[in-house]
2 protein chains.
Amino acid sequence: MVDNQEKTEEKILKAAEEVFQKKGMTGARMQEIADTAGINKALLHYYYRTKDKLFEKVINMAFSKFFPRVINIMGSGISVFEKIEVFVSNYLDLIAKHPFIPGFVINELNRNPQILISLFEKNIRLKEEGLIDKFNIQLQEEVEQGIIKPIDARNLMVNIVGLCIFPIVAKPIVQGVIFGNDKKQYNDFLKQRKEHVIDFVISSIKMD
Amino acid sequence: MVDNQEKTEEKILKAAEEVFQKKGMTGARMQEIADTAGINKALLHYYYRTKDKLFEKVINMAFSKFFPRVINIMGSGISVFEKIEVFVSNYLDLIAKHPFIPGFVINELNRNPQILISLFEKNIRLKEEGLIDKFNIQLQEEVEQGIIKPIDARNLMVNIVGLCIFPIVAKPIVQGVIFGNDKKQYNDFLKQRKEHVIDFVISSIKMD
DNA sequence: ATTTAGTTTAACCATTTGGTCAAATTTATG
DNA sequence: CATAAATTTGACCAAATGGTTAAACTAAAT
């Protein structure tokens with residue numbers, strides 16, 4: 001039955017996402033994914049022949065969830081300050097919704113940078129649009145207009161993304177070391193991050 | 001022979017560091033560690049009875065390498081601006097020397113946050129000194145003196161560490177997505193990060 | 001030279017793990 | 001209903017993996 005098939009495949013993907021993101025490619029067990037999906041291990045292999053195939057699908061889904069958004073915002077026609085605001089706001093919302101994806105993707109890419117190539121093939125948008133170069137042109141225009149202090153687009157992008165992602169990826173350290181493992185304090189901290197990061201970045205580049 | 005013993009144990013630790021940092025706890029194989037150390041697998045178990053014991057030693061070494069430095073700098077008697085300068089400079093040098101440690105520690109801590117507890121026992125310094133609270137007092141003093149804009153110590157610390165660590169931890173993404181996999185461009189980028197991060201942070205909090 | 005303690009090895013073991021297969025069950029089709 | 005096709009399962013397999021053991025080797029101590 002088509003309906004049941006889709007339900008099963010959906011269950012598998014959900015389970016695989018969960019287990020892979022929590023345990024990583026090498027730590028994840030096919031048996032655990034099958035258990036989580038509430039199915040037999042053989043059925044898992046029936047839908048996705050190998051662990052690698054399943055993993056590729058999952059990391060591809062994770063990657064796809066994060067990158068299109070970046071491109072749309074940075075490529076839009078608004079001012080630099082507005083871009084920072086919209087980007088940080090959207091990105092932090094997205095991370096809050098999928099808190100395990102950034103660490104998962106970063107870790108797996110470190111384990112096997114080769115993955116990025118196949119990821120690019122299926123997310124063909126970044127390089128060819130010259131996105132960063134365009135954003136850099138906009139930046140330098142606003143620099144010349146005396147709106148912002150001199151800064152390079154690459155540094156700015158890395159800063160913004162880093163400020164957004166780091167507190168989540170390094171959650172155990174931030175929550176443990178800085179907040180003495182107090183979950184509430186950590187969550188409150190995250191809630192005020194959006195406003196803070198926007199302030200922090202704009203404050204840094206705004207011309208007095 | 002004592003000399004040979006130390007040499008073997010040293011070789012094992014070096015090999016374990018390398019393999020664990022590259023493959024992670026779950027991805028690392030005792031056989032590969034033994035091969036890397038140029039010894040037999042049984043000898044590996046002779047020195048460190050289990051994989052867990054060896055792993056604990058390695059992650060403890062990694063953790064110890066990074067945290068004492070933070071404490072000494074942030075607890076010293078210099079101004080906020082000087083602290084930012086010295087900290088970023090020292091931290092980026094340290095990361096350059098051990099580029100795989102941050103990602104390794106972050107990832108393993110996400111896999112098993114429990115590790116942090118045993119890490120604290122052997123690095124007993126952070127919480128009891130009230131380091132962050134002291135730094136926050138210094139910050140608020142300089143805020144009142146009109147030297148810096150209002151900011152919380154926790155946000156500032158997370159920002160600084162994040163700005164330092166992110167480009168290294170997310171190396172495949174930064175190098176791949178932003179620099180089209182051009183190693184030289186990426187390395188040049190890292191070289192100018194020290195100056196840039198210091199500028200970026202101070203610029204953000206400095207009162208006009 | 002013999003004993004003793006520490007070191008190293010090859011062979012082995014039990015368990016885990018990714019993956020397979022034939023049979024059973026369910027669903028769609030004539 | 002009957003047959004074919006797709007789906008699901010339990011049992012099984014080979015390879016990998018963490019760990020053990022008994023024996024061999026080395027170097028110092030008696």
# chains A, B, ... in the order shown; residues from 1 in each chain; ligands from 1
call {"tool": "residues_around", "arguments": {"residues": "segment 19-26 of chain C", "least_positions_apart": "2", "cutoff": "12 Å", "atoms": "only C-alpha atoms (C1' of nucleotides)", "output": "VMD selection string"}}
result
(chain A and resid 1 4 to 5 30 to 31 41 to 46 48 to 51) or (chain C and resid 17 28) or (chain D and resid 5 to 15)
call {"tool": "residues_around", "arguments": {"residues": "Met207 of chain B", "least_positions_apart": "4", "cutoff": "12 Å", "atoms": "only C-alpha atoms (C1' of nucleotides)", "output": "NGL selection string"}}
result
(:A and (203-204 or 208)) or (:B and (81 or 142-151 or 202-203))
call {"tool": "write_last_selection", "arguments": {"atoms": "C-alpha atoms", "output": "PDB file, in the first residue's frame"}}
result
ATOM      1  CA  SER A 203      27.634  47.969  17.133  1.00  0.00           C
ATOM      2  CA  SER A 204      30.964  46.713  15.894  1.00  0.00           C
ATOM      3  CA  ASP A 208      29.999  56.578  14.763  1.00  0.00           C
TER       4      ASP A 208
ATOM      5  CA  PHE B  81      40.657  45.765  26.345  1.00  0.00           C
ATOM      6  CA  GLU B 142      34.433  49.995  33.088  1.00  0.00           C
ATOM      7  CA  VAL B 143      30.865  50.453  31.897  1.00  0.00           C
ATOM      8  CA  GLU B 144      30.238  52.924  34.708  1.00  0.00           C
ATOM      9  CA  GLN B 145      33.485  54.693  33.913  1.00  0.00           C
ATOM     10  CA  GLY B 146      32.190  55.185  30.393  1.00  0.00           C
ATOM     11  CA  ILE B 147      34.989  53.135  28.835  1.00  0.00           C
ATOM     12  CA  ILE B 148      32.767  50.455  27.332  1.00  0.00           C
ATOM     13  CA  LYS B 149      29.134  50.054  26.389  1.00  0.00           C
ATOM     14  CA  PRO B 150      26.895  47.889  28.593  1.00  0.00           C
ATOM     15  CA  ILE B 151      27.521  44.200  28.064  1.00  0.00           C
ATOM     16  CA  ILE B 202      36.763  45.960  20.940  1.00  0.00           C
ATOM     17  CA  SER B 203      35.066  47.984  18.240  1.00  0.00           C
TER      18      SER B 203
END
call {"tool": "select_by_dssp", "arguments": {"residues": "segment 15-185 of chain A", "states": "alpha helix (DSSP H)", "output": "ChimeraX atom specification"}}
result
/A:15-27,30-37,41-47,51-74,80-97,101-111,115-122,131-144,153-169,171-173,183-185
call {"tool": "closest_atom_pairs", "arguments": {"of": "chain D", "to": "chain B", "cutoff": "8 Å", "atoms": "only C-alpha atoms (C1' of nucleotides)", "output": "JSON lines"}}
result
{"residue": "D:DT17", "atom": "C1'", "partner": "B:Arg29", "partner_atom": "CA", "distance": 7.8}
{"residue": "D:DG18", "atom": "C1'", "partner": "B:Met30", "partner_atom": "CA", "distance": 7.6}
{"residue": "D:DG19", "atom": "C1'", "partner": "B:His45", "partner_atom": "CA", "distance": 7.8}
{"residue": "D:DA27", "atom": "C1'", "partner": "B:Met1", "partner_atom": "CA", "distance": 7.0}
call {"tool": "atom_distance", "arguments": {"atom1": "atom CA of Lys206 of chain A", "atom2": "atom CA of Asp93 of chain A"}}
result
24.6 Å
call {"tool": "residues_around", "arguments": {"residues": "DA29 of chain D", "least_positions_apart": "5", "cutoff": "10 Å", "atoms": "only C-alpha atoms (C1' of nucleotides)", "output": "ChimeraX atom specification"}}
result
/C:3-5
call {"tool": "write_last_selection", "arguments": {"atoms": "all heavy atoms", "output": "compact mmCIF listing (two decimals), in the first residue's frame"}}
result
# COMPACT_ATOMS: atom_id res chain seq x y z
P DT C 3 66.63 -21.30 38.37
OP1 DT C 3 66.33 -22.40 39.30
OP2 DT C 3 66.30 -21.42 36.93
O5' DT C 3 65.96 -19.98 38.96
C5' DT C 3 66.47 -19.43 40.18
C4' DT C 3 66.04 -17.97 40.28
O4' DT C 3 66.69 -17.17 39.27
C3' DT C 3 64.53 -17.72 40.12
O3' DT C 3 64.09 -17.02 41.26
C2' DT C 3 64.43 -16.91 38.84
C1' DT C 3 65.78 -16.19 38.82
N1 DT C 3 66.26 -15.72 37.50
C2 DT C 3 66.55 -14.39 37.33
O2 DT C 3 66.42 -13.54 38.20
N3 DT C 3 67.01 -14.06 36.07
C4 DT C 3 67.20 -14.92 35.00
O4 DT C 3 67.63 -14.50 33.92
C5 DT C 3 66.87 -16.30 35.24
C7 DT C 3 67.03 -17.30 34.17
C6 DT C 3 66.41 -16.63 36.47
P DT C 4 62.56 -16.84 41.63
OP1 DT C 4 62.40 -16.97 43.10
OP2 DT C 4 61.81 -17.72 40.72
O5' DT C 4 62.29 -15.33 41.23
C5' DT C 4 63.27 -14.33 41.50
C4' DT C 4 62.88 -13.04 40.79
O4' DT C 4 63.53 -12.97 39.48
C3' DT C 4 61.38 -12.89 40.51
O3' DT C 4 60.96 -11.60 40.91
C2' DT C 4 61.26 -13.09 39.00
C1' DT C 4 62.60 -12.52 38.53
N1 DT C 4 63.07 -12.98 37.20
C2 DT C 4 63.67 -12.08 36.35
O2 DT C 4 63.84 -10.92 36.63
N3 DT C 4 64.07 -12.61 35.14
C4 DT C 4 63.91 -13.93 34.71
O4 DT C 4 64.31 -14.27 33.62
C5 DT C 4 63.28 -14.81 35.65
C7 DT C 4 63.07 -16.25 35.29
C6 DT C 4 62.88 -14.30 36.85
P DA C 5 59.46 -11.28 41.21
OP1 DA C 5 59.31 -11.01 42.64
OP2 DA C 5 58.63 -12.32 40.54
O5' DA C 5 59.26 -9.91 40.41
C5' DA C 5 60.33 -8.94 40.39
C4' DA C 5 60.26 -8.16 39.09
O4' DA C 5 60.83 -8.96 38.02
C3' DA C 5 58.83 -7.81 38.65
O3' DA C 5 58.73 -6.42 38.42
C2' DA C 5 58.61 -8.62 37.37
C1' DA C 5 60.03 -8.80 36.86
N9 DA C 5 60.21 -10.02 36.06
C8 DA C 5 59.78 -11.30 36.36
N7 DA C 5 60.09 -12.20 35.44
C5 DA C 5 60.76 -11.47 34.48
C6 DA C 5 61.34 -11.84 33.24
N6 DA C 5 61.34 -13.08 32.77
N1 DA C 5 61.94 -10.85 32.52
C2 DA C 5 61.94 -9.61 33.00
N3 DA C 5 61.42 -9.14 34.14
C4 DA C 5 60.84 -10.13 34.83
call {"tool": "residues_around", "arguments": {"residues": "DT29 of chain C", "least_positions_apart": "3", "cutoff": "12 Å", "atoms": "only C-alpha atoms (C1' of nucleotides)", "output": "ChimeraX atom specification"}}
result
/D:1-5
call {"tool": "interface_residues", "arguments": {"of": "chain A", "to": "chain B", "cutoff": "8 Å", "atoms": "only C-alpha atoms", "output": "number ranges by chain"}}
result
A: 22-23, 26-27, 103, 106-107, 109-111, 113, 116, 126-127, 132, 154-155, 158-159, 162-163, 166-167, 169-174, 176-178, 180, 193, 196, 200-205, 208
call {"tool": "residues_around", "arguments": {"residues": "DA11 of chain C", "least_positions_apart": "2", "cutoff": "12 Å", "atoms": "only C-alpha atoms (C1' of nucleotides)", "output": "JSON, numbers by chain"}}
result
{"B": [42], "C": [9, 13], "D": [20, 21, 22, 23]}
call {"tool": "closest_residue", "arguments": {"among": "A:Glu18, A:Asp52, A:Ile95, A:Glu195", "to": "chain C", "atoms": "only C-alpha atoms (C1' of nucleotides)"}}
result
A:Asp52
call {"tool": "atom_distance", "arguments": {"atom1": "atom CA of Val58 of chain B", "atom2": "atom CA of Asn90 of chain B"}}
result
22.3 Å
call {"tool": "interface_residues", "arguments": {"of": "chain C", "to": "chain B", "cutoff": "10 Å", "atoms": "only C-alpha atoms (C1' of nucleotides)", "output": "number ranges by chain"}}
result
C: 6-10
call {"tool": "write_last_selection", "arguments": {"atoms": "all heavy atoms", "output": "short mmCIF file (atom, residue, chain, number, x, y, z; two decimals), in the first residue's frame"}}
result
data_model
loop_
_atom_site.label_atom_id
_atom_site.label_comp_id
_atom_site.auth_asym_id
_atom_site.auth_seq_id
_atom_site.Cartn_x
_atom_site.Cartn_y
_atom_site.Cartn_z
P DG C 6 57.38 -5.73 38.00
OP1 DG C 6 57.22 -4.49 38.77
OP2 DG C 6 56.32 -6.77 38.00
"O5'" DG C 6 57.69 -5.33 36.49
"C5'" DG C 6 58.89 -4.62 36.19
"C4'" DG C 6 59.18 -4.71 34.71
"O4'" DG C 6 59.37 -6.09 34.32
"C3'" DG C 6 58.03 -4.18 33.83
"O3'" DG C 6 58.61 -3.31 32.85
"C2'" DG C 6 57.44 -5.42 33.18
"C1'" DG C 6 58.67 -6.33 33.12
N9 DG C 6 58.36 -7.77 33.06
C8 DG C 6 57.67 -8.52 33.99
N7 DG C 6 57.59 -9.77 33.67
C5 DG C 6 58.26 -9.87 32.45
C6 DG C 6 58.50 -10.99 31.61
O6 DG C 6 58.15 -12.16 31.77
N1 DG C 6 59.23 -10.63 30.48
C2 DG C 6 59.67 -9.36 30.18
N2 DG C 6 60.35 -9.21 29.05
N3 DG C 6 59.45 -8.31 30.97
C4 DG C 6 58.75 -8.64 32.08
P DT C 7 57.64 -2.47 31.88
OP1 DT C 7 58.31 -1.17 31.60
OP2 DT C 7 56.28 -2.51 32.42
"O5'" DT C 7 57.69 -3.32 30.54
"C5'" DT C 7 58.95 -3.48 29.89
"C4'" DT C 7 58.80 -4.38 28.69
"O4'" DT C 7 58.42 -5.72 29.10
"C3'" DT C 7 57.75 -3.95 27.65
"O3'" DT C 7 58.44 -3.82 26.42
"C2'" DT C 7 56.73 -5.10 27.64
"C1'" DT C 7 57.61 -6.26 28.08
N1 DT C 7 56.95 -7.44 28.69
C2 DT C 7 57.05 -8.65 28.05
O2 DT C 7 57.65 -8.81 27.00
N3 DT C 7 56.42 -9.70 28.69
C4 DT C 7 55.73 -9.64 29.89
O4 DT C 7 55.22 -10.65 30.36
C5 DT C 7 55.65 -8.34 30.50
C7 DT C 7 54.92 -8.18 31.79
C6 DT C 7 56.26 -7.31 29.89
P DT C 8 57.75 -3.06 25.20
OP1 DT C 8 58.80 -2.39 24.41
OP2 DT C 8 56.60 -2.30 25.70
"O5'" DT C 8 57.24 -4.29 24.34
"C5'" DT C 8 58.21 -5.18 23.79
"C4'" DT C 8 57.54 -6.38 23.18
"O4'" DT C 8 56.99 -7.22 24.20
"C3'" DT C 8 56.35 -6.06 22.24
"O3'" DT C 8 56.75 -6.33 20.91
"C2'" DT C 8 55.22 -6.98 22.73
"C1'" DT C 8 55.96 -7.98 23.62
N1 DT C 8 55.16 -8.54 24.75
C2 DT C 8 55.00 -9.90 24.84
O2 DT C 8 55.46 -10.68 24.03
N3 DT C 8 54.25 -10.31 25.92
C4 DT C 8 53.68 -9.51 26.89
O4 DT C 8 53.04 -9.99 27.81
C5 DT C 8 53.90 -8.09 26.74
C7 DT C 8 53.33 -7.13 27.72
C6 DT C 8 54.63 -7.68 25.68
P DT C 9 55.76 -6.11 19.71
OP1 DT C 9 56.54 -5.75 18.51
OP2 DT C 9 54.65 -5.25 20.16
"O5'" DT C 9 55.21 -7.59 19.50
"C5'" DT C 9 56.13 -8.67 19.44
"C4'" DT C 9 55.40 -9.99 19.43
"O4'" DT C 9 54.90 -10.27 20.76
"C3'" DT C 9 54.17 -10.04 18.50
"O3'" DT C 9 54.46 -10.89 17.41
"C2'" DT C 9 53.04 -10.60 19.37
"C1'" DT C 9 53.74 -11.07 20.62
N1 DT C 9 52.94 -10.86 21.87
C2 DT C 9 52.52 -11.95 22.58
O2 DT C 9 52.76 -13.10 22.26
N3 DT C 9 51.78 -11.64 23.71
C4 DT C 9 51.46 -10.38 24.16
O4 DT C 9 50.80 -10.23 25.18
C5 DT C 9 51.94 -9.29 23.36
C7 DT C 9 51.64 -7.87 23.75
C6 DT C 9 52.65 -9.57 22.26
P DA C 10 53.56 -10.89 16.14
OP1 DA C 10 54.45 -10.94 14.96
OP2 DA C 10 52.57 -9.82 16.27
"O5'" DA C 10 52.82 -12.29 16.28
"C5'" DA C 10 53.58 -13.47 16.55
"C4'" DA C 10 52.65 -14.62 16.88
"O4'" DA C 10 52.04 -14.39 18.17
"C3'" DA C 10 51.49 -14.80 15.89
"O3'" DA C 10 51.30 -16.20 15.65
"C2'" DA C 10 50.30 -14.16 16.59
"C1'" DA C 10 50.62 -14.40 18.06
N9 DA C 10 50.12 -13.34 18.95
C8 DA C 10 50.10 -11.99 18.72
N7 DA C 10 49.61 -11.28 19.71
C5 DA C 10 49.28 -12.24 20.67
C6 DA C 10 48.71 -12.15 21.95
N6 DA C 10 48.38 -10.99 22.52
N1 DA C 10 48.52 -13.30 22.64
C2 DA C 10 48.87 -14.45 22.07
N3 DA C 10 49.42 -14.67 20.87
C4 DA C 10 49.59 -13.52 20.21
#
